[in-house]
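Data from input-v9.cif: mmCIF, C-alpha atoms and all ligand atoms
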data_coords
#
loop_
_atom_site.label_atom_id
_atom_site.label_comp_id
_atom_site.auth_asym_id
_atom_site.auth_seq_id
_atom_site.Cartn_x
_atom_site.Cartn_y
_atom_site.Cartn_z
CA MET A 1 -8.21 11.56 -24.84
CA PRO A 2 -7.72 12.36 -21.14
CA THR A 3 -4.59 14.15 -19.98
CA TYR A 4 -2.58 12.36 -17.28
CA ARG A 5 -0.07 13.56 -14.70
CA LEU A 6 1.64 10.95 -12.51
CA HIS A 7 3.13 11.93 -9.14
CA TYR A 8 5.87 9.37 -8.54
CA PHE A 9 9.44 8.59 -7.58
CA PRO A 10 11.53 6.19 -9.71
CA GLU A 11 11.89 3.38 -7.14
CA SER A 12 8.13 3.28 -6.54
CA GLY A 13 6.83 0.01 -7.94
CA ASN A 14 3.33 1.28 -7.21
CA SER A 15 3.99 4.15 -9.60
CA TYR A 16 5.37 1.69 -12.14
CA LYS A 17 2.06 -0.24 -12.09
CA LEU A 18 0.21 2.83 -13.38
CA ALA A 19 2.96 4.03 -15.74
CA LEU A 20 3.09 0.59 -17.35
CA MET A 21 -0.67 0.22 -17.68
CA LEU A 22 -1.02 3.68 -19.26
CA THR A 23 1.85 2.91 -21.64
CA LEU A 24 0.45 -0.48 -22.66
CA CYS A 25 -2.89 1.25 -23.34
CA GLY A 26 -1.10 3.72 -25.64
CA GLN A 27 -1.43 6.66 -23.25
CA THR A 28 1.23 9.17 -22.24
CA PHE A 29 1.56 11.03 -18.95
CA GLU A 30 3.41 13.99 -17.53
CA PRO A 31 5.83 12.66 -14.89
CA VAL A 32 5.78 14.68 -11.66
CA TRP A 33 8.89 13.63 -9.70
CA THR A 34 8.33 13.78 -5.94
CA ASP A 35 11.00 14.06 -3.25
CA PHE A 36 9.89 10.98 -1.27
CA SER A 37 13.13 10.51 0.69
CA GLY A 38 13.20 14.23 1.43
CA GLY A 39 9.84 13.89 3.19
CA GLU A 40 7.68 15.74 0.66
CA THR A 41 4.76 13.29 1.03
CA ARG A 42 4.83 13.69 4.80
CA THR A 43 4.27 17.44 4.77
CA PRO A 44 0.81 18.71 5.78
CA GLU A 45 0.80 20.84 2.61
CA TRP A 46 1.34 17.83 0.29
CA ARG A 47 -1.30 15.80 2.13
CA ARG A 48 -3.77 18.69 1.93
CA THR A 49 -3.20 19.46 -1.73
CA VAL A 50 -2.13 16.15 -3.35
CA ASN A 51 -3.05 13.03 -1.32
CA GLU A 52 -4.64 12.94 2.12
CA MET A 53 -3.39 9.32 2.47
CA GLY A 54 0.23 10.51 2.23
CA GLU A 55 1.08 8.03 -0.52
CA ILE A 56 2.70 7.93 -3.92
CA PRO A 57 1.47 7.37 -6.64
CA VAL A 58 -1.19 9.92 -7.43
CA LEU A 59 -2.63 9.93 -10.93
CA GLU A 60 -4.28 13.09 -12.14
CA GLU A 61 -6.78 12.44 -14.91
CA ASP A 62 -7.93 15.71 -16.48
CA GLY A 63 -7.07 17.40 -13.18
CA VAL A 64 -8.95 14.88 -11.00
CA ARG A 65 -6.62 13.27 -8.46
CA LEU A 66 -6.88 9.48 -8.14
CA THR A 67 -5.12 7.30 -5.56
CA GLN A 68 -4.76 3.57 -4.75
CA THR A 69 -3.35 1.60 -7.66
CA ALA A 70 -5.84 -1.30 -7.62
CA PRO A 71 -9.00 0.72 -8.27
CA ILE A 72 -7.10 2.95 -10.69
CA LEU A 73 -5.89 -0.08 -12.67
CA LEU A 74 -9.46 -1.45 -12.78
CA LYS A 75 -10.78 1.93 -13.91
CA LEU A 76 -8.18 2.18 -16.70
CA ALA A 77 -8.92 -1.41 -17.76
CA GLU A 78 -12.60 -0.54 -18.04
CA GLN A 79 -11.90 2.73 -19.83
CA TYR A 80 -9.57 1.25 -22.45
CA GLY A 81 -11.27 -2.15 -22.67
CA ARG A 82 -7.97 -3.94 -22.04
CA PHE A 83 -6.39 -6.11 -19.35
CA GLY A 84 -9.49 -6.28 -17.13
CA GLY A 85 -10.60 -9.87 -17.74
CA GLU A 86 -13.34 -10.91 -20.14
CA ASP A 87 -16.12 -12.38 -18.02
CA SER A 88 -17.29 -12.37 -14.41
CA ARG A 89 -15.06 -15.30 -13.45
CA GLU A 90 -11.97 -13.59 -14.87
CA LYS A 91 -12.91 -10.25 -13.28
CA PHE A 92 -13.25 -11.99 -9.92
CA GLU A 93 -9.80 -13.57 -10.40
CA VAL A 94 -8.31 -10.17 -11.27
CA MET A 95 -9.69 -8.73 -8.03
CA ARG A 96 -8.55 -11.75 -6.03
CA TRP A 97 -4.93 -11.37 -7.14
CA LEU A 98 -5.01 -7.57 -6.83
CA PHE A 99 -6.08 -7.86 -3.18
CA TRP A 100 -3.47 -10.53 -2.49
CA ASP A 101 -0.82 -8.43 -4.17
CA ASN A 102 -1.64 -5.28 -2.22
CA HIS A 103 -1.73 -7.07 1.11
CA LYS A 104 1.01 -9.66 0.67
CA LEU A 105 3.33 -9.49 -2.34
CA THR A 106 3.67 -5.76 -2.97
CA GLY A 107 3.06 -5.00 0.70
CA TYR A 108 6.07 -7.02 1.83
CA MET A 109 8.30 -6.63 -1.24
CA ALA A 110 8.05 -2.85 -1.14
CA ALA A 111 8.87 -2.77 2.57
CA TYR A 112 11.65 -5.37 2.30
CA ARG A 113 13.37 -3.72 -0.67
CA TYR A 114 13.14 -0.24 0.82
CA TYR A 115 14.48 -1.46 4.15
CA ARG A 116 17.21 -3.68 2.69
CA THR A 117 18.47 -1.38 -0.05
CA PHE A 118 17.51 2.22 0.58
CA THR A 119 17.86 2.41 4.37
CA PRO A 120 21.23 2.92 6.09
CA SER A 121 22.11 0.15 8.62
CA PRO A 122 18.92 -1.96 8.55
CA ASP A 123 18.31 -4.22 11.56
CA PRO A 124 19.12 -7.79 10.38
CA HIS A 125 16.31 -9.29 12.51
CA VAL A 126 13.68 -7.04 10.95
CA GLN A 127 15.10 -7.73 7.50
CA ALA A 128 15.03 -11.50 8.12
CA HIS A 129 11.38 -11.30 9.19
CA PHE A 130 10.38 -9.54 5.95
CA ARG A 131 12.45 -12.03 3.97
CA ARG A 132 10.78 -15.07 5.57
CA ARG A 133 7.30 -13.73 4.82
CA LEU A 134 8.29 -12.84 1.27
CA ASP A 135 9.85 -16.26 0.62
CA ASP A 136 6.48 -17.78 1.53
CA PHE A 137 4.50 -15.43 -0.77
CA LEU A 138 6.94 -15.93 -3.66
CA GLY A 139 6.63 -19.70 -3.18
CA ILE A 140 2.83 -19.42 -3.47
CA LEU A 141 3.16 -17.35 -6.65
CA GLU A 142 5.77 -19.73 -8.08
CA GLN A 143 3.37 -22.69 -7.63
CA HIS A 144 0.54 -20.77 -9.30
CA LEU A 145 2.66 -19.73 -12.28
CA ARG A 146 3.81 -23.29 -12.86
CA ARG A 147 0.19 -23.96 -13.82
CA PHE A 148 -0.80 -20.73 -15.58
CA PRO A 149 1.05 -18.34 -17.94
CA PHE A 150 -0.57 -15.27 -16.35
CA ALA A 151 -2.23 -14.54 -13.00
CA ILE A 152 -5.79 -15.33 -14.09
CA GLY A 153 -4.94 -17.91 -16.77
CA ASP A 154 -4.17 -17.42 -20.45
CA ARG A 155 -4.54 -13.64 -20.65
CA PRO A 156 -2.43 -10.80 -19.21
CA THR A 157 -4.37 -8.45 -16.93
CA VAL A 158 -3.81 -5.63 -14.49
CA ALA A 159 -3.29 -8.32 -11.82
CA ASP A 160 -0.03 -9.21 -13.59
CA PHE A 161 1.04 -5.58 -13.89
CA SER A 162 0.36 -5.07 -10.19
CA MET A 163 2.32 -8.18 -9.17
CA ILE A 164 5.30 -7.82 -11.50
CA ALA A 165 5.99 -4.21 -10.53
CA TYR A 166 8.25 -4.68 -7.50
CA LEU A 167 9.74 -7.91 -8.86
CA SER A 168 10.90 -6.15 -12.04
CA TYR A 169 13.54 -3.97 -10.42
CA PRO A 170 17.21 -5.01 -10.59
CA SER A 171 18.23 -7.97 -8.43
CA ASP A 172 20.74 -5.90 -6.45
CA GLU A 173 17.71 -3.93 -5.22
CA THR A 174 15.20 -6.76 -4.69
CA GLY A 175 17.75 -9.18 -3.23
CA TYR A 176 16.37 -12.00 -5.41
CA ASP A 177 17.75 -13.65 -8.53
CA PHE A 178 14.48 -15.11 -9.79
CA ALA A 179 16.09 -16.98 -12.70
CA ALA A 180 17.93 -19.06 -10.12
CA SER A 181 15.39 -19.20 -7.28
CA HIS A 182 11.92 -18.98 -8.92
CA PRO A 183 12.00 -20.11 -12.58
CA ALA A 184 8.22 -19.87 -13.14
CA ILE A 185 8.18 -16.30 -11.79
CA ASN A 186 11.17 -15.48 -13.96
CA ALA A 187 9.46 -16.87 -17.08
CA TRP A 188 6.30 -14.88 -16.26
CA LEU A 189 8.32 -11.65 -15.83
CA LEU A 190 9.81 -12.24 -19.29
CA ARG A 191 6.35 -13.04 -20.70
CA VAL A 192 4.98 -9.71 -19.46
CA ALA A 193 8.11 -7.90 -20.66
CA SER A 194 7.49 -9.24 -24.16
CA LEU A 195 4.05 -7.54 -24.43
CA SER A 196 3.96 -4.95 -27.18
CA GLY A 197 4.89 -1.52 -25.83
CA TRP A 198 6.34 -2.78 -22.53
CA ARG A 199 8.97 -0.53 -20.92
CA SER A 200 11.02 -0.94 -17.76
CA ALA A 201 10.39 0.98 -14.55
CA TYR A 202 13.47 3.20 -14.70
CA ASP A 203 12.76 3.94 -18.35
CA LEU A 204 9.22 5.10 -17.57
CA LEU A 205 10.07 6.79 -14.26
CA PRO A 206 13.06 9.10 -14.73
CA GLY A 207 14.74 11.47 -12.31
CA LYS A 208 16.86 11.60 -9.21
CA ARG A 209 17.22 8.22 -7.46
CA LEU A 210 17.30 7.23 -3.80
CA THR A 211 20.68 6.46 -2.21
CA HIS A 212 21.47 2.75 -2.68
CA TYR A 213 23.05 1.42 0.56
CA ALA A 214 23.05 -2.38 0.06
N1 LIG B 301 -2.00 0.62 -1.60
C1 LIG B 301 -1.31 1.78 -2.12
C2 LIG B 301 0.13 1.73 -1.67
C3 LIG B 301 0.87 3.01 -1.97
C4 LIG B 301 2.16 3.10 -1.20
O1 LIG B 301 2.36 2.45 -0.16
N2 LIG B 301 3.07 3.94 -1.70
C5 LIG B 301 4.34 4.14 -1.02
C6 LIG B 301 5.40 4.56 -2.02
S1 LIG B 301 5.57 3.42 -3.36
C7 LIG B 301 4.16 5.26 -0.04
O2 LIG B 301 3.83 6.36 -0.42
N3 LIG B 301 4.38 4.98 1.25
C8 LIG B 301 4.28 5.97 2.27
C9 LIG B 301 4.09 5.35 3.63
O3 LIG B 301 3.94 4.12 3.72
O4 LIG B 301 4.07 6.10 4.58
C10 LIG B 301 -1.45 1.83 -3.64
O5 LIG B 301 -1.66 0.77 -4.24
O6 LIG B 301 -1.40 2.91 -4.22
#
Represent the supplied structure as structure tokens.
Ligand SMILES: N[C@@H](CCC(=O)N[C@@H](CS)C(=O)NCC(=O)O)C(=O)O
Amino acid sequence: MPTYRLHYFPESGNSYKLALMLTLCGQTFEPVWTDFSGGETRTPEWRRTVNEMGEIPVLEEDGVRLTQTAPILLKLAEQYGRFGGEDSREKFEVMRWLFWDNHKLTGYMAAYRYYRTFTPSPDPHVQAHFRRRLDDFLGILEQHLRRFPFAIGDRPTVADFSMIAYLSYPSDETGYDFAASHPAINAWLLRVASLSGWRSAYDLLPGKRLTHYA
């Protein structure tokens, strides 16, 4: 069994993607809390020794540092033979939603939530711009999930774990009450949360939290 260390901070949905996948595959990891708001990931030393891209999360597998959640999720799916899709059509669908998530859903949700909730005095015009884009992406996802129980169809995959991550945090952080605004998304979040072994983000990612301004 490989040994894992996860460099993270608790509010990082990207870290949650990996923590959840490892947990659902029956793996444990050593949590390495990182002082994101204190600027640790912006120091030349951290970028030289941990991640040249300056991003959290970093997953160390037997001492080898891996970054970018999408390829890491695909690698873990391959390694543990779970949540990767069963045939070439499903694998293509997994990639399709992973790319969409990285560019659109996670890309905007992470920025919106951080700006809205963890930044003092956010500019309302900037916040409204993020919100408009996000409303559009959530509408697209809502339509899709009215037709399918999971991202690629009948089976849960890493595409679901990638897309649920930022939507799973408390509504006072995300600014959305999905039960009221997006019932299909809400039902899908509950469906993923009922998978055996599922744990919430703040359960899997302990430690000092960011200041909550909203
Ligand atoms: N595409 C990357 C995104 C990682 C990412 O943006 N992480 C955030 C924290 S959750 C970060 O470190 N941001 C630093 C920055 O944008 O400068 C992944 O999937 O790993």
| message | Using only C-alpha atoms, can you tell me which of A:Leu195, A:Val32, A:Ala184, A:Ala19 comes closest to Glu142 (chain A)? | response |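 Among the listed residues, the smallest separation from Glu142 (chain A) belongs to A:Ala184.
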**Asked** Mind listing the residues within 10 Å of ligand LIG 301 (chain B), only C-alpha atoms and all ligand atoms counted, as number ranges by chain?
**Response** A: 8-18, 36, 39, 41-42, 51, 53-59, 66-73, 98-99, 101-103, 106-107, 110-111, 114, 162, 166
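The coordinates place CA of Tyr169 (chain A) at 15.5 Å from CA of Arg191 (chain A).
Of note, CA of Arg146 (chain A) and CA of Ile185 (chain A) are spaced 8.3 Å apart.
When only C-alpha atoms are used to measure the gap to Leu138 (chain A), the shortest distance among A:Trp100, A:Tyr213, A:Phe161, A:Phe29 belongs to A:Trp100.
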Interatomic distance, CA of Trp97 (chain A) to CA of Leu167 (chain A) (Å, one decimal):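 Value for the CA of Trp97 (chain A)-CA of Leu167 (chain A) distance: 15.2 Å.
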For Asn186 (chain A), work out the shell of residues within 10 Å, counting only C-alpha atoms and skipping chain neighbours fewer than 3 positions away, then give it as a list in words.
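Residues near the query, excluding close chain neighbours: Glu142, Leu145, Ile164, Leu167, Ser168, Asp177, Phe178, Ala179, Ala180, Ser181, His182, Pro183, Leu189, Leu190 and Arg191 of chain A.
Look at region 122-128 of chain A: the protein and nucleic acid residues within 10 Å of it, using only C-alpha atoms and passing over chain neighbours fewer than 4 places away, are Ala111, Tyr112, Arg113, Tyr114, Tyr115, Arg116, Thr117, Phe118, Arg132, Arg133, Leu134, Tyr213 and Ala214 of chain A.
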Box in all listed atoms of region 19-36 of chain A, axis-aligned, with 4 Å more on each side; write out centre and edge lengths in Å to one decimal as lines of an AutoDock Vina configuration file.
center_x = 4.1
center_y = 7.1
center_z = -13.5
size_x = 21.9
size_y = 23.2
size_z = 32.4
query = Which one is closest to Leu204 (chain A): A:Arg48, A:Pro2, A:Glu60, A:Leu22? Count only C-alpha atoms.
reply =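 Answer, going by the shortest atom-to-atom distance: A:Leu22.
Nearest residue to Asp160 (chain A), choosing from A:Val192, A:Trp46, A:Gly197, A:Glu30 and counting all atoms listed in the file: A:Val192.
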Please output region 199-211 of chain A, rebuilt to include N, CA and C atoms, as a tab-separated table (two decimals), in the coordinates of the input.
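The result, written out as part04.tsv:
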chain	number	residue	atom	x	y	z
A	199	ARG	N	7.73	-1.25	-21.24
A	199	ARG	CA	8.97	-0.53	-20.92
A	199	ARG	C	9.30	-0.74	-19.44
A	200	SER	N	10.60	-0.66	-19.14
A	200	SER	CA	11.02	-0.94	-17.76
A	200	SER	C	10.68	0.23	-16.83
A	201	ALA	N	10.76	-0.04	-15.54
A	201	ALA	CA	10.39	0.98	-14.55
A	201	ALA	C	11.28	2.22	-14.66
A	202	TYR	N	12.60	2.02	-14.70
A	202	TYR	CA	13.47	3.20	-14.70
A	202	TYR	C	13.45	3.93	-16.04
A	203	ASP	N	12.96	3.27	-17.07
A	203	ASP	CA	12.76	3.94	-18.35
A	203	ASP	C	11.53	4.85	-18.27
A	204	LEU	N	10.46	4.33	-17.64
A	204	LEU	CA	9.22	5.10	-17.57
A	204	LEU	C	9.23	6.14	-16.45
A	205	LEU	N	10.08	5.91	-15.45
A	205	LEU	CA	10.07	6.79	-14.26
A	205	LEU	C	11.45	7.42	-14.07
A	206	PRO	N	11.71	8.50	-14.78
A	206	PRO	CA	13.06	9.10	-14.73
A	206	PRO	C	13.25	9.98	-13.50
A	207	GLY	N	14.49	10.47	-13.36
A	207	GLY	CA	14.74	11.47	-12.31
A	207	GLY	C	15.67	10.97	-11.23
A	208	LYS	N	15.90	11.85	-10.29
A	208	LYS	CA	16.86	11.60	-9.21
A	208	LYS	C	16.46	10.34	-8.42
A	209	ARG	N	17.47	9.49	-8.14
A	209	ARG	CA	17.22	8.22	-7.46
A	209	ARG	C	17.53	8.32	-5.97
A	210	LEU	N	16.97	7.37	-5.23
A	210	LEU	CA	17.30	7.23	-3.80
A	210	LEU	C	18.74	6.75	-3.65
A	211	THR	N	19.34	7.00	-2.49
A	211	THR	CA	20.68	6.46	-2.21
A	211	THR	C	20.55	4.96	-2.01
